[in-house]
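Engineer: One structure, as structure tokens, below. Some questions next.
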Amino acid sequence: MDFRIPDELTALRQSFASFLDREIRPLEEEYAREFWGEAPNREVLAPVIRDIRLRSAREGFYAAYMPEEAGGQGLSVLGTSLLVEDAARSGMRLAMAAIAPPNPAGPSPLLLKLPPHLWETYVLPVASGEKTMCFALTEPEAGSDAQAIRTTAVRDGDEWVINGHKHYITNGEHADFAIVFAVTDAEKRAAGGITAFVVPSDQFRRGKLQWNLSDSHPAELFFDQARVPADHVIGEVGMGFFEAMAFLNSGRAYIGAQSLGLAEWALDAATDHAKTRTAFGKPLSRNQGVSFPLARSKADIEAIRWLVYHLAWRVDTEGDPLAIMGDASITKFYSTEEAYAVADRCLQVFGGMGLMREGPVERVLRHLRMLRVVEGASEVQLLVIARTLGL
Ligand SMILES: Cc1cc2nc3c(=O)[nH]c(=O)nc-3n(C[C@H](O)[C@H](O)[C@H](O)COP(=O)(O)OP(=O)(O)OC[C@H]3O[C@@H](n4cnc5c(N)ncnc54)[C@H](O)[C@@H]3O)c2cc1C
């Protein structure tokens with residue numbers, strides 16, 4: 001076993017850190033206030049986020065995980081996880097816009113299953129940051145039990161006709177197109193009856209934004225006799241779930257890496273605060289009631305780190321996604337739950353300031369709370385882990 005990070009990835013991290021400091025930190029300072037009100041000001045932030053995406057893509061970071069022919073660098077899952085961790089650890093809200101995963105606005109590797117003549121429209125402009133997309137699976141009646149979706153797609157000559165209603169779709173508000181999952185065979189469903197399509201935004205209607213405790217506000221999407229040409233199927237008809245499964249494990253590594261970076265940021269901030277804030281005539285850190293929760297958080301962070309790096313390494317080095325699913329669920333479950341616990345302890349160290357919108361930990365706690373639900377809630381991860389135990 002070799003636990004060292006390869007030299008080329010260390011160099012890449014350094015160059016990403018310097019990009020974040022040089023190009024994103026000034027924007028973060030200028031726009032931080034937009035996040036302090038009741039909700040982030042989307043009209044002000046949307047062009048800033050677009051600008052960050054374009055700058056990061058130009059420097060080769062934004063979609064680095066995509067293959068070179070698809071506008072990326074072919075960066076490994078471990079390398080991508082390290083960049084995601086570093087963006088989260090920077091403490092800059094805007095840094096996460098500089099790296100596509102785990103944000104579904106960036107190019108999904110699922111798009112690589114489109115025929116080559118469609119890459120100019122749907123793959124390259126998303127990798128360059130000029131266009132964005134969204135991933136539309138969840139419906140009001142089907143979340144954790146995704147195979148229960150009701151959206152249908154019916155073949156009509158050279159086209160597919162899609163009808164249905166999706167909700168909670170991240171970047172649904174701005175996406176130029178959606179990856180949409182629809183039932184094409186109601187008998188087979190998950191076992192060969194659900195198909196993934198790419199659907200341009202002129203074929204769907206955006207419903208209301210869905211305000212929630214995180215800073216990311218998804219949207220409803222309505223498909224009413226939406227039409228796409230037959231070649232807009234991703235991979236094979238009926239195999240949508242299987243196609244998506246191939247990328248599920250790397251997605252879990254990126255969520256874990258984001259949780260890791262956020263927990264590290266919170267711990268660094270709380271540690272500094274504990275050393276400098278005084279109460280009862282001495283620094284807070286001189287009380288074990290403060291130092292022990294922080295010491296425990298450090299231990300939790302190291303456990304998260306090695307779960308994430310190990311999962312990323314397995315995805316990079318092993319061919320069978322099914323063999324890794326148990327580890328992927330353990331990583332998603334443990335990293336989000338424990339990072340949330342870390343952030344909660346860190347918030348406590350800040351006292352009242354911990355609860356303030358402009359404080360360093362409040363939005364981290366809210367974001368981590370969201371990560372415990374999305375992309376397979378914690379209970380769904382436990383179901384998968386239980387299955388690996390034969391339960
Ligand atoms: C901010 C945000 C962004 C999102 N972005 C996207 C997106 O871009 N694309 C997309 O397709 N979806 C997205 N989602 C949807 C998200 O993935 C779902 O909310 C999530 O999968 C849970 O589904 P649900 O909300 O329908 O909850 P439900 O499935 O109704 O579950 C409710 C609760 O019951 C638990 N539960 C369910 N089944 C079991 C069981 N068998 N055993 C034990 N417990 C169980 C769940 O864990 C959960 O705690 C987003 C959601 C949010 C809030």
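We name chains A, B, ... following the order of the structure tokens; residues begin at 1 in each chain, and ligands are numbered from 1 as shown.
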Which polymer residues have any atom within 7 Å of an atom of A:Pro40, counting only C-alpha atoms, with same-chain residues fewer than 4 positions away left out, as number ranges by chain?
Structural biologist: A: 34-35, 215
Engineer: Would you export the selected residues with N, CA and C atoms as an mmCIF file, in the first residue's frame, please?
Structural biologist:
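Ended up saving to part02.cif:
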data_model
loop_
_atom_site.group_PDB
_atom_site.id
_atom_site.type_symbol
_atom_site.label_atom_id
_atom_site.label_comp_id
_atom_site.auth_asym_id
_atom_site.auth_seq_id
_atom_site.Cartn_x
_atom_site.Cartn_y
_atom_site.Cartn_z
ATOM 1 N N GLU A 34 -23.688 39.239 -0.672
ATOM 2 C CA GLU A 34 -24.885 38.754 -1.371
ATOM 3 C C GLU A 34 -25.459 37.509 -0.693
ATOM 4 N N PHE A 35 -24.639 36.834 0.117
ATOM 5 C CA PHE A 35 -25.090 35.593 0.765
ATOM 6 C C PHE A 35 -25.647 35.851 2.163
ATOM 7 N N ASP A 215 -27.807 27.010 0.199
ATOM 8 C CA ASP A 215 -27.718 28.153 -0.713
ATOM 9 C C ASP A 215 -28.010 27.755 -2.164
#
Engineer: Using backbone DSSP assignments, extract all strand (DSSP E) residues from stretch 208-274 of chain A; output them as JSON, numbers by chain.
Structural biologist: {"A": [208, 209, 219, 220, 221, 222, 223, 224, 225, 226, 227, 228, 229, 233, 234]}
Engineer: Please check which protein, DNA or RNA residues sit within 6 Å of ligand 1, counting only C-alpha atoms and all ligand atoms, and write them as a ChimeraX atom specification.
Structural biologist: /A:135-138,142-145,168-170,216-218,373-380
Engineer: Which residues come within 8 Å of A:Val237, counting only C-alpha atoms, excluding same-chain residues fewer than 5 positions away, as a list of chain:residue names?
Structural biologist: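 Skipping anything fewer than 5 positions along the chain leaves A:Thr184, A:Gly192, A:Gly193, A:Ile194, A:Thr195, A:Ala196.
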Engineer: Show which residues sit within 10 Å of A:Arg357, as a PyMOL selection string. Count only C-alpha atoms, and ignore same-chain residues fewer than 2 positions away.
Structural biologist: chain A and resi 33+35-38+353-355+359-363
Engineer: I'd like to know which of A:His167, A:Leu9, A:Tyr31, A:Gly261 is closest to A:Ala87, using only C-alpha atoms.
Structural biologist: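 Closest to A:Ala87, using only C-alpha atoms: A:Gly261.
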Engineer: Tell me which of A:Arg189, A:Arg314, A:Arg53, A:Arg205 sits closest to A:Met239, counting only C-alpha atoms.
Structural biologist: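 For A:Met239, the nearest of the given residues is A:Arg189.
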Engineer: Name the closest residue to A:Gly289 among the candidates A:Ala274, A:Leu83, A:Ala303, A:Ala97; distances are taken between atoms, counting only C-alpha atoms.
Structural biologist: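 Closest to A:Gly289 of all the choices is A:Ala274.
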Engineer: Can you tell me, as a count of residues only, what residues are no more than 8 Å from A:Thr80 when counting only C-alpha atoms, ignoring any on the same chain fewer than 4 positions away?
Structural biologist: 6
Engineer: As a PDB file with N, CA and C atoms, in the first residue's frame, please: every residue in stretch 103-308 of chain A that DSSP puts in helix (DSSP H, G or I).
Structural biologist:
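Saved as states_35.pdb:
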ATOM      1  N   PRO A 109     -20.431  12.772 -17.047  1.00  0.00           N
ATOM      2  CA  PRO A 109     -19.793  11.796 -17.929  1.00  0.00           C
ATOM      3  C   PRO A 109     -20.821  10.959 -18.687  1.00  0.00           C
ATOM      4  N   LEU A 110     -22.078  10.981 -18.232  1.00  0.00           N
ATOM      5  CA  LEU A 110     -23.139  10.276 -18.968  1.00  0.00           C
ATOM      6  C   LEU A 110     -23.257  10.788 -20.405  1.00  0.00           C
ATOM      7  N   LEU A 111     -22.918  12.085 -20.591  1.00  0.00           N
ATOM      8  CA  LEU A 111     -23.041  12.686 -21.927  1.00  0.00           C
ATOM      9  C   LEU A 111     -22.117  12.010 -22.939  1.00  0.00           C
ATOM     10  N   LEU A 112     -21.071  11.345 -22.428  1.00  0.00           N
ATOM     11  CA  LEU A 112     -20.135  10.667 -23.332  1.00  0.00           C
ATOM     12  C   LEU A 112     -20.811   9.524 -24.079  1.00  0.00           C
ATOM     13  N   LYS A 113     -21.997   9.135 -23.598  1.00  0.00           N
ATOM     14  CA  LYS A 113     -22.739   8.053 -24.263  1.00  0.00           C
ATOM     15  C   LYS A 113     -23.600   8.586 -25.404  1.00  0.00           C
ATOM     16  N   PRO A 116     -21.309  10.877 -31.337  1.00  0.00           N
ATOM     17  CA  PRO A 116     -20.290  11.927 -31.498  1.00  0.00           C
ATOM     18  C   PRO A 116     -20.803  13.191 -32.169  1.00  0.00           C
ATOM     19  N   HIS A 117     -21.766  13.089 -33.125  1.00  0.00           N
ATOM     20  CA  HIS A 117     -22.202  14.311 -33.825  1.00  0.00           C
ATOM     21  C   HIS A 117     -22.960  15.268 -32.888  1.00  0.00           C
ATOM     22  N   LEU A 118     -23.341  14.798 -31.686  1.00  0.00           N
ATOM     23  CA  LEU A 118     -24.049  15.695 -30.751  1.00  0.00           C
ATOM     24  C   LEU A 118     -23.116  16.349 -29.732  1.00  0.00           C
ATOM     25  N   TRP A 119     -21.823  15.975 -29.754  1.00  0.00           N
ATOM     26  CA  TRP A 119     -20.903  16.505 -28.737  1.00  0.00           C
ATOM     27  C   TRP A 119     -20.719  18.012 -28.855  1.00  0.00           C
ATOM     28  N   GLU A 120     -20.724  18.520 -30.106  1.00  0.00           N
ATOM     29  CA  GLU A 120     -20.572  19.976 -30.316  1.00  0.00           C
ATOM     30  C   GLU A 120     -21.676  20.757 -29.595  1.00  0.00           C
ATOM     31  N   THR A 121     -22.861  20.140 -29.516  1.00  0.00           N
ATOM     32  CA  THR A 121     -24.014  20.826 -28.916  1.00  0.00           C
ATOM     33  C   THR A 121     -24.095  20.584 -27.414  1.00  0.00           C
ATOM     34  N   TYR A 122     -23.819  19.359 -26.983  1.00  0.00           N
ATOM     35  CA  TYR A 122     -24.137  19.015 -25.595  1.00  0.00           C
ATOM     36  C   TYR A 122     -22.927  18.710 -24.701  1.00  0.00           C
ATOM     37  N   LEU A 124     -19.076  19.665 -25.463  1.00  0.00           N
ATOM     38  CA  LEU A 124     -17.972  20.635 -25.438  1.00  0.00           C
ATOM     39  C   LEU A 124     -18.366  21.978 -24.818  1.00  0.00           C
ATOM     40  N   PRO A 125     -19.569  22.539 -25.132  1.00  0.00           N
ATOM     41  CA  PRO A 125     -19.899  23.839 -24.518  1.00  0.00           C
ATOM     42  C   PRO A 125     -20.128  23.762 -23.009  1.00  0.00           C
ATOM     43  N   VAL A 126     -20.447  22.579 -22.478  1.00  0.00           N
ATOM     44  CA  VAL A 126     -20.612  22.450 -21.020  1.00  0.00           C
ATOM     45  C   VAL A 126     -19.241  22.300 -20.373  1.00  0.00           C
ATOM     46  N   ALA A 127     -18.339  21.601 -21.059  1.00  0.00           N
ATOM     47  CA  ALA A 127     -16.976  21.460 -20.518  1.00  0.00           C
ATOM     48  C   ALA A 127     -16.255  22.813 -20.516  1.00  0.00           C
ATOM     49  N   ALA A 146     -36.263   5.760  -6.832  1.00  0.00           N
ATOM     50  CA  ALA A 146     -36.242   6.456  -8.131  1.00  0.00           C
ATOM     51  C   ALA A 146     -36.898   5.651  -9.244  1.00  0.00           C
ATOM     52  N   GLN A 147     -36.919   4.326  -9.110  1.00  0.00           N
ATOM     53  CA  GLN A 147     -37.532   3.541 -10.200  1.00  0.00           C
ATOM     54  C   GLN A 147     -39.052   3.734 -10.267  1.00  0.00           C
ATOM     55  N   ALA A 148     -39.615   4.446  -9.276  1.00  0.00           N
ATOM     56  CA  ALA A 148     -41.069   4.698  -9.286  1.00  0.00           C
ATOM     57  C   ALA A 148     -41.434   5.952 -10.096  1.00  0.00           C
ATOM     58  N   ARG A 189     -39.317  -1.319 -15.930  1.00  0.00           N
ATOM     59  CA  ARG A 189     -38.825  -0.220 -15.070  1.00  0.00           C
ATOM     60  C   ARG A 189     -37.307  -0.300 -14.898  1.00  0.00           C
ATOM     61  N   ALA A 190     -36.821  -0.402 -13.612  1.00  0.00           N
ATOM     62  CA  ALA A 190     -35.377  -0.330 -13.375  1.00  0.00           C
ATOM     63  C   ALA A 190     -34.610  -1.438 -14.110  1.00  0.00           C
ATOM     64  N   ALA A 191     -35.308  -2.550 -14.393  1.00  0.00           N
ATOM     65  CA  ALA A 191     -34.629  -3.679 -15.052  1.00  0.00           C
ATOM     66  C   ALA A 191     -34.754  -3.578 -16.566  1.00  0.00           C
ATOM     67  N   SER A 201     -33.646  23.011 -23.491  1.00  0.00           N
ATOM     68  CA  SER A 201     -34.557  23.769 -22.611  1.00  0.00           C
ATOM     69  C   SER A 201     -35.780  24.320 -23.348  1.00  0.00           C
ATOM     70  N   ASP A 202     -35.741  24.407 -24.692  1.00  0.00           N
ATOM     71  CA  ASP A 202     -36.954  24.897 -25.364  1.00  0.00           C
ATOM     72  C   ASP A 202     -38.051  23.831 -25.372  1.00  0.00           C
ATOM     73  N   GLN A 203     -37.738  22.648 -24.852  1.00  0.00           N
ATOM     74  CA  GLN A 203     -38.745  21.569 -24.802  1.00  0.00           C
ATOM     75  C   GLN A 203     -39.326  21.371 -23.401  1.00  0.00           C
ATOM     76  N   ALA A 230     -34.626  10.870 -32.101  1.00  0.00           N
ATOM     77  CA  ALA A 230     -34.290   9.526 -31.596  1.00  0.00           C
ATOM     78  C   ALA A 230     -32.832   9.436 -31.135  1.00  0.00           C
ATOM     79  N   ASP A 231     -31.930  10.240 -31.739  1.00  0.00           N
ATOM     80  CA  ASP A 231     -30.509  10.126 -31.354  1.00  0.00           C
ATOM     81  C   ASP A 231     -30.210  10.835 -30.027  1.00  0.00           C
ATOM     82  N   HIS A 232     -31.222  11.413 -29.365  1.00  0.00           N
ATOM     83  CA  HIS A 232     -30.992  12.078 -28.079  1.00  0.00           C
ATOM     84  C   HIS A 232     -31.090  11.128 -26.884  1.00  0.00           C
ATOM     85  N   GLY A 240     -31.109   3.366 -18.876  1.00  0.00           N
ATOM     86  CA  GLY A 240     -30.755   4.625 -18.211  1.00  0.00           C
ATOM     87  C   GLY A 240     -30.150   4.430 -16.834  1.00  0.00           C
ATOM     88  N   PHE A 241     -30.757   3.561 -16.018  1.00  0.00           N
ATOM     89  CA  PHE A 241     -30.245   3.357 -14.658  1.00  0.00           C
ATOM     90  C   PHE A 241     -28.862   2.722 -14.673  1.00  0.00           C
ATOM     91  N   PHE A 242     -28.678   1.767 -15.593  1.00  0.00           N
ATOM     92  CA  PHE A 242     -27.382   1.079 -15.652  1.00  0.00           C
ATOM     93  C   PHE A 242     -26.290   2.039 -16.124  1.00  0.00           C
ATOM     94  N   GLU A 243     -26.658   2.904 -17.099  1.00  0.00           N
ATOM     95  CA  GLU A 243     -25.676   3.881 -17.589  1.00  0.00           C
ATOM     96  C   GLU A 243     -25.261   4.799 -16.435  1.00  0.00           C
ATOM     97  N   ALA A 244     -26.246   5.247 -15.650  1.00  0.00           N
ATOM     98  CA  ALA A 244     -25.961   6.191 -14.564  1.00  0.00           C
ATOM     99  C   ALA A 244     -25.131   5.526 -13.463  1.00  0.00           C
ATOM    100  N   MET A 245     -25.361   4.229 -13.259  1.00  0.00           N
ATOM    101  CA  MET A 245     -24.687   3.513 -12.169  1.00  0.00           C
ATOM    102  C   MET A 245     -23.162   3.546 -12.321  1.00  0.00           C
ATOM    103  N   LEU A 248     -21.909   6.500 -10.500  1.00  0.00           N
ATOM    104  CA  LEU A 248     -22.412   6.737  -9.147  1.00  0.00           C
ATOM    105  C   LEU A 248     -21.265   6.755  -8.127  1.00  0.00           C
ATOM    106  N   ASN A 249     -20.314   5.838  -8.291  1.00  0.00           N
ATOM    107  CA  ASN A 249     -19.250   5.707  -7.284  1.00  0.00           C
ATOM    108  C   ASN A 249     -18.355   6.941  -7.259  1.00  0.00           C
ATOM    109  N   SER A 250     -17.992   7.458  -8.442  1.00  0.00           N
ATOM    110  CA  SER A 250     -17.149   8.664  -8.444  1.00  0.00           C
ATOM    111  C   SER A 250     -17.932   9.835  -7.857  1.00  0.00           C
ATOM    112  N   GLY A 251     -19.243   9.894  -8.147  1.00  0.00           N
ATOM    113  CA  GLY A 251     -20.081  10.958  -7.572  1.00  0.00           C
ATOM    114  C   GLY A 251     -20.057  10.920  -6.048  1.00  0.00           C
ATOM    115  N   ARG A 252     -20.071   9.732  -5.491  1.00  0.00           N
ATOM    116  CA  ARG A 252     -20.024   9.604  -4.028  1.00  0.00           C
ATOM    117  C   ARG A 252     -18.664  10.069  -3.493  1.00  0.00           C
ATOM    118  N   ALA A 253     -17.592   9.787  -4.245  1.00  0.00           N
ATOM    119  CA  ALA A 253     -16.260  10.264  -3.822  1.00  0.00           C
ATOM    120  C   ALA A 253     -16.240  11.794  -3.806  1.00  0.00           C
ATOM    121  N   TYR A 254     -16.880  12.429  -4.803  1.00  0.00           N
ATOM    122  CA  TYR A 254     -16.845  13.902  -4.862  1.00  0.00           C
ATOM    123  C   TYR A 254     -17.677  14.527  -3.742  1.00  0.00           C
ATOM    124  N   ILE A 255     -18.816  13.885  -3.399  1.00  0.00           N
ATOM    125  CA  ILE A 255     -19.602  14.398  -2.258  1.00  0.00           C
ATOM    126  C   ILE A 255     -18.768  14.249  -0.983  1.00  0.00           C
ATOM    127  N   GLY A 256     -18.084  13.113  -0.861  1.00  0.00           N
ATOM    128  CA  GLY A 256     -17.231  12.895   0.316  1.00  0.00           C
ATOM    129  C   GLY A 256     -16.116  13.922   0.387  1.00  0.00           C
ATOM    130  N   ALA A 257     -15.503  14.211  -0.769  1.00  0.00           N
ATOM    131  CA  ALA A 257     -14.402  15.178  -0.808  1.00  0.00           C
ATOM    132  C   ALA A 257     -14.893  16.571  -0.428  1.00  0.00           C
ATOM    133  N   GLN A 258     -16.099  16.905  -0.866  1.00  0.00           N
ATOM    134  CA  GLN A 258     -16.666  18.212  -0.521  1.00  0.00           C
ATOM    135  C   GLN A 258     -16.920  18.282   0.987  1.00  0.00           C
ATOM    136  N   SER A 259     -17.465  17.206   1.553  1.00  0.00           N
ATOM    137  CA  SER A 259     -17.728  17.170   2.997  1.00  0.00           C
ATOM    138  C   SER A 259     -16.417  17.289   3.770  1.00  0.00           C
ATOM    139  N   LEU A 260     -15.399  16.576   3.283  1.00  0.00           N
ATOM    140  CA  LEU A 260     -14.085  16.620   3.925  1.00  0.00           C
ATOM    141  C   LEU A 260     -13.544  18.049   3.954  1.00  0.00           C
ATOM    142  N   GLY A 261     -13.562  18.710   2.785  1.00  0.00           N
ATOM    143  CA  GLY A 261     -13.019  20.073   2.707  1.00  0.00           C
ATOM    144  C   GLY A 261     -13.782  21.040   3.604  1.00  0.00           C
ATOM    145  N   LEU A 262     -15.102  20.912   3.622  1.00  0.00           N
ATOM    146  CA  LEU A 262     -15.905  21.816   4.459  1.00  0.00           C
ATOM    147  C   LEU A 262     -15.611  21.586   5.941  1.00  0.00           C
ATOM    148  N   ALA A 263     -15.462  20.312   6.336  1.00  0.00           N
ATOM    149  CA  ALA A 263     -15.163  20.007   7.747  1.00  0.00           C
ATOM    150  C   ALA A 263     -13.780  20.553   8.117  1.00  0.00           C
ATOM    151  N   GLU A 264     -12.823  20.441   7.202  1.00  0.00           N
ATOM    152  CA  GLU A 264     -11.470  20.961   7.473  1.00  0.00           C
ATOM    153  C   GLU A 264     -11.514  22.478   7.659  1.00  0.00           C
ATOM    154  N   TRP A 265     -12.271  23.138   6.775  1.00  0.00           N
ATOM    155  CA  TRP A 265     -12.397  24.600   6.875  1.00  0.00           C
ATOM    156  C   TRP A 265     -12.990  24.994   8.226  1.00  0.00           C
ATOM    157  N   ALA A 266     -14.068  24.291   8.619  1.00  0.00           N
ATOM    158  CA  ALA A 266     -14.738  24.620   9.881  1.00  0.00           C
ATOM    159  C   ALA A 266     -13.788  24.391  11.055  1.00  0.00           C
ATOM    160  N   LEU A 267     -13.027  23.293  11.008  1.00  0.00           N
ATOM    161  CA  LEU A 267     -12.120  23.002  12.130  1.00  0.00           C
ATOM    162  C   LEU A 267     -10.994  24.040  12.204  1.00  0.00           C
ATOM    163  N   ASP A 268     -10.434  24.411  11.058  1.00  0.00           N
ATOM    164  CA  ASP A 268      -9.374  25.434  11.061  1.00  0.00           C
ATOM    165  C   ASP A 268      -9.898  26.734  11.675  1.00  0.00           C
ATOM    166  N   ALA A 269     -11.111  27.118  11.239  1.00  0.00           N
ATOM    167  CA  ALA A 269     -11.678  28.385  11.723  1.00  0.00           C
ATOM    168  C   ALA A 269     -11.942  28.312  13.227  1.00  0.00           C
ATOM    169  N   ALA A 270     -12.516  27.185  13.694  1.00  0.00           N
ATOM    170  CA  ALA A 270     -12.855  27.063  15.118  1.00  0.00           C
ATOM    171  C   ALA A 270     -11.588  26.978  15.980  1.00  0.00           C
ATOM    172  N   THR A 271     -10.554  26.336  15.441  1.00  0.00           N
ATOM    173  CA  THR A 271      -9.297  26.220  16.195  1.00  0.00           C
ATOM    174  C   THR A 271      -8.674  27.604  16.389  1.00  0.00           C
ATOM    175  N   ASP A 272      -8.639  28.385  15.322  1.00  0.00           N
ATOM    176  CA  ASP A 272      -8.099  29.755  15.429  1.00  0.00           C
ATOM    177  C   ASP A 272      -8.909  30.567  16.437  1.00  0.00           C
ATOM    178  N   HIS A 273     -10.223  30.437  16.326  1.00  0.00           N
ATOM    179  CA  HIS A 273     -11.098  31.205  17.212  1.00  0.00           C
ATOM    180  C   HIS A 273     -10.870  30.805  18.671  1.00  0.00           C
ATOM    181  N   ALA A 274     -10.736  29.496  18.916  1.00  0.00           N
ATOM    182  CA  ALA A 274     -10.559  29.012  20.300  1.00  0.00           C
ATOM    183  C   ALA A 274      -9.251  29.526  20.901  1.00  0.00           C
ATOM    184  N   LYS A 275      -8.251  29.750  20.046  1.00  0.00           N
ATOM    185  CA  LYS A 275      -6.953  30.232  20.542  1.00  0.00           C
ATOM    186  C   LYS A 275      -6.994  31.724  20.847  1.00  0.00           C
ATOM    187  N   THR A 276      -7.833  32.466  20.129  1.00  0.00           N
ATOM    188  CA  THR A 276      -7.779  33.924  20.255  1.00  0.00           C
ATOM    189  C   THR A 276      -8.900  34.529  21.107  1.00  0.00           C
ATOM    190  N   LEU A 284     -10.344  30.423  25.084  1.00  0.00           N
ATOM    191  CA  LEU A 284     -11.322  29.312  25.105  1.00  0.00           C
ATOM    192  C   LEU A 284     -10.621  27.955  25.034  1.00  0.00           C
ATOM    193  N   SER A 285      -9.527  27.907  24.249  1.00  0.00           N
ATOM    194  CA  SER A 285      -8.859  26.622  24.008  1.00  0.00           C
ATOM    195  C   SER A 285      -8.269  26.010  25.279  1.00  0.00           C
ATOM    196  N   ARG A 286      -8.138  26.814  26.348  1.00  0.00           N
ATOM    197  CA  ARG A 286      -7.567  26.263  27.593  1.00  0.00           C
ATOM    198  C   ARG A 286      -8.593  25.433  28.371  1.00  0.00           C
ATOM    199  N   GLN A 288     -10.891  22.087  28.398  1.00  0.00           N
ATOM    200  CA  GLN A 288     -11.048  20.817  27.674  1.00  0.00           C
ATOM    201  C   GLN A 288     -12.440  20.715  27.050  1.00  0.00           C
ATOM    202  N   GLY A 289     -13.399  21.422  27.648  1.00  0.00           N
ATOM    203  CA  GLY A 289     -14.754  21.421  27.072  1.00  0.00           C
ATOM    204  C   GLY A 289     -14.769  21.993  25.667  1.00  0.00           C
ATOM    205  N   VAL A 290     -13.730  22.781  25.325  1.00  0.00           N
ATOM    206  CA  VAL A 290     -13.616  23.321  23.970  1.00  0.00           C
ATOM    207  C   VAL A 290     -12.595  22.508  23.158  1.00  0.00           C
ATOM    208  N   SER A 291     -11.441  22.183  23.770  1.00  0.00           N
ATOM    209  CA  SER A 291     -10.381  21.528  22.982  1.00  0.00           C
ATOM    210  C   SER A 291     -10.730  20.079  22.628  1.00  0.00           C
ATOM    211  N   PHE A 292     -11.458  19.381  23.496  1.00  0.00           N
ATOM    212  CA  PHE A 292     -11.752  17.970  23.187  1.00  0.00           C
ATOM    213  C   PHE A 292     -12.704  17.816  21.997  1.00  0.00           C
ATOM    214  N   PRO A 293     -13.782  18.602  21.913  1.00  0.00           N
ATOM    215  CA  PRO A 293     -14.625  18.469  20.705  1.00  0.00           C
ATOM    216  C   PRO A 293     -13.833  18.753  19.424  1.00  0.00           C
ATOM    217  N   LEU A 294     -12.864  19.683  19.514  1.00  0.00           N
ATOM    218  CA  LEU A 294     -12.060  19.988  18.323  1.00  0.00           C
ATOM    219  C   LEU A 294     -11.087  18.838  18.039  1.00  0.00           C
ATOM    220  N   ALA A 295     -10.502  18.261  19.099  1.00  0.00           N
ATOM    221  CA  ALA A 295      -9.590  17.118  18.908  1.00  0.00           C
ATOM    222  C   ALA A 295     -10.365  15.939  18.303  1.00  0.00           C
ATOM    223  N   ARG A 296     -11.560  15.721  18.801  1.00  0.00           N
ATOM    224  CA  ARG A 296     -12.383  14.625  18.262  1.00  0.00           C
ATOM    225  C   ARG A 296     -12.724  14.884  16.790  1.00  0.00           C
ATOM    226  N   SER A 297     -12.957  16.152  16.473  1.00  0.00           N
ATOM    227  CA  SER A 297     -13.269  16.511  15.088  1.00  0.00           C
ATOM    228  C   SER A 297     -12.085  16.218  14.168  1.00  0.00           C
ATOM    229  N   LYS A 298     -10.880  16.470  14.677  1.00  0.00           N
ATOM    230  CA  LYS A 298      -9.680  16.164  13.880  1.00  0.00           C
ATOM    231  C   LYS A 298      -9.627  14.663  13.578  1.00  0.00           C
ATOM    232  N   ALA A 299      -9.930  13.840  14.590  1.00  0.00           N
ATOM    233  CA  ALA A 299      -9.918  12.381  14.378  1.00  0.00           C
ATOM    234  C   ALA A 299     -10.981  11.997  13.335  1.00  0.00           C
ATOM    235  N   ASP A 300     -12.157  12.593  13.432  1.00  0.00           N
ATOM    236  CA  ASP A 300     -13.230  12.288  12.463  1.00  0.00           C
ATOM    237  C   ASP A 300     -12.816  12.681  11.046  1.00  0.00           C
ATOM    238  N   ILE A 301     -12.171  13.843  10.937  1.00  0.00           N
ATOM    239  CA  ILE A 301     -11.763  14.326   9.610  1.00  0.00           C
ATOM    240  C   ILE A 301     -10.761  13.366   8.975  1.00  0.00           C
ATOM    241  N   GLU A 302      -9.818  12.868   9.769  1.00  0.00           N
ATOM    242  CA  GLU A 302      -8.836  11.926   9.188  1.00  0.00           C
ATOM    243  C   GLU A 302      -9.525  10.646   8.727  1.00  0.00           C
ATOM    244  N   ALA A 303     -10.545  10.196   9.476  1.00  0.00           N
ATOM    245  CA  ALA A 303     -11.284   8.988   9.054  1.00  0.00           C
ATOM    246  C   ALA A 303     -12.025   9.254   7.734  1.00  0.00           C
ATOM    247  N   ILE A 304     -12.638  10.439   7.622  1.00  0.00           N
ATOM    248  CA  ILE A 304     -13.333  10.787   6.363  1.00  0.00           C
ATOM    249  C   ILE A 304     -12.318  10.809   5.216  1.00  0.00           C
ATOM    250  N   ARG A 305     -11.166  11.466   5.477  1.00  0.00           N
ATOM    251  CA  ARG A 305     -10.156  11.627   4.420  1.00  0.00           C
ATOM    252  C   ARG A 305      -9.799  10.282   3.786  1.00  0.00           C
ATOM    253  N   TRP A 306      -9.523   9.305   4.662  1.00  0.00           N
ATOM    254  CA  TRP A 306      -9.007   8.053   4.099  1.00  0.00           C
ATOM    255  C   TRP A 306     -10.104   7.216   3.460  1.00  0.00           C
ATOM    256  N   LEU A 307     -11.336   7.394   3.910  1.00  0.00           N
ATOM    257  CA  LEU A 307     -12.449   6.751   3.196  1.00  0.00           C
ATOM    258  C   LEU A 307     -12.580   7.331   1.789  1.00  0.00           C
ATOM    259  N   VAL A 308     -12.494   8.663   1.702  1.00  0.00           N
ATOM    260  CA  VAL A 308     -12.670   9.328   0.399  1.00  0.00           C
ATOM    261  C   VAL A 308     -11.518   8.958  -0.545  1.00  0.00           C
TER     262      VAL A 308
END
